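For reference, the structure is listed below as structure tokens.
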Amino acid sequence: MVVLHTYYQAGETFDRLVWLGAWNIKGKYVVRQVQFQQGGQLRQYFTNVCDPSVLPLCEIARLYARRWDIELAFLTLKRELGLHLIWSSKSVVVLAQVWACLIIAEVMQALRMEVALRAEVDPFDVSLPLLFETLPQFSSAGYDGIVECVRQGRRLGIIGPSRRLRIQAPEIPPEQLIPLPPGTVLCRQPCYHHEKSLDKPIREALHTGPQIEVHPQRDRLVEILLQREAHIKVLARQVKVEQIPKPKVVPPKPKVNHTPLSKAKVAKTPMPAVQPDPSIARPPWAWSQPLTASA
């Protein structure tokens, strides 16, 4: 690093502007470096907010200490509200689940702040997982959950000292800051790692070359291209539908009436007369006479 300007320095505590990179690799923009000591440990932070009146040194340390809060928020959504499991594959149901979990998390966070305000403690001293567990129980029993959490919070473990790391940075009075000289250049010709293998004229052309002019009707051209792309997609869909083989149409078979003929139809049908065969000898009729009992 190359120091450009020092706002404040007292021992190992300083607030200054530096250039990143001093030899072959150089950053384009100046950054701000702050350093202080806490509990025998030296802490350094970098930021692109170069004005200490906008972001003081103590605020930088506080913001960096809370950089994992987003991970804790994700943990609350997954563990306490069950967002680790998606209930459906339909986008409408997924969005409904996500929005419901986010709204419930915001409401619980507001209740946490209310409990901390009434108990006069830090918001992080109120356990959010225990609030998720105890508030429904108090409400189902007919009690005011916030009042009961404030009254019994310390006994139930809802309110207790937080295990978060508390970083206490020194507060520098504004009158002790050395202002930045007017006309100080905060941007320079960069040289990055992927450009080291290029020749010097090419590197200079990458940063100092002419800017691409934007067409005055760029938005209209983009709109026309999008419309044409949508039209092409519709045509491709139609062609795909036409290429689908259609099922063969089988002509229906004639229906055969299998219902039996009625008695009236059978009676009307004339039966052919049976003619005896002359070649067959007629049997004697004695055997066929009925037997009569003799007296």
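We name chains A, B, ... following the order of the structure tokens; residues begin at 1 in each chain, and ligands are numbered from 1 as shown.
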Alpha helix (DSSP H) residues, from DSSP on the backbone, in segment 57-255 of chain A, as number ranges by chain: A: 57-65, 69-75, 91-119, 128-140, 145-156, 200-208, 218-242
Compile the contact shell of Ile158 of chain A as a tab-separated table (two decimals) with C-alpha atoms, in the first residue's frame: residues with an atom at most 10 Å away, counting only C-alpha atoms, same-chain residues fewer than 5 positions apart removed.
```tsv
chain	number	residue	atom	x	y	z
A	115	VAL	CA	-39.39	-6.67	24.65
A	125	ASP	CA	-29.83	-9.83	24.79
A	126	VAL	CA	-33.33	-11.10	23.88
A	127	SER	CA	-33.24	-14.64	22.48
A	128	LEU	CA	-35.21	-14.80	19.25
A	129	PRO	CA	-35.50	-18.64	19.18
A	130	LEU	CA	-36.97	-18.63	22.71
A	131	LEU	CA	-39.44	-15.93	21.67
A	133	GLU	CA	-41.18	-20.93	21.52
A	134	THR	CA	-42.71	-18.99	24.43
A	149	CYS	CA	-41.59	-12.09	28.49
A	150	VAL	CA	-40.51	-8.87	30.19
A	152	GLN	CA	-40.36	-13.67	33.43
A	153	GLY	CA	-37.74	-13.27	30.71
```
Using only C-alpha atoms, the shortest atom-to-atom distance to Val2 of chain A among A:Gln38, A:Ile86, A:Asp15, A:Lys26 belongs to A:Lys26
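Comparing A:Phe124, A:Trp99, A:Phe132, A:Tyr29 by their smallest distance to Cys187 of chain A, the closest is A:Tyr29 (using only C-alpha atoms).
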Please identify all polymer residues within 8 Å of segment 59-70 of chain A, counting only C-alpha atoms, omitting same-chain residues fewer than 6 positions from it, and present them as number ranges by chain. A: 45, 165-169
Quick one: distance from atom CA of Asn48 of chain A to atom CA of Arg32 of chain A in Å, one decimal? 6.0 Å
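Taking atom CA of Leu77 of chain A as the reference point, atom CA of Leu117 of chain A is found at 23.6 Å.
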Could you tell me which of A:Leu135, A:Leu225, A:Ile159, A:Val34 comes closest to Pro123 of chain A if we count only C-alpha atoms? A:Ile159
Ile172 of chain A surroundings by only C-alpha atoms, 9 Å radius, close-in-sequence under 2 positions cut, as a PyMOL selection string: chain A and resi 8+56-58+170+174-177
So that I can check the surroundings of Gln97 of chain A, please list as a count of residues only every protein, DNA and RNA residue that reaches within 12 Å of it, counting only C-alpha atoms and ignoring chain neighbours fewer than 5 positions away. 17
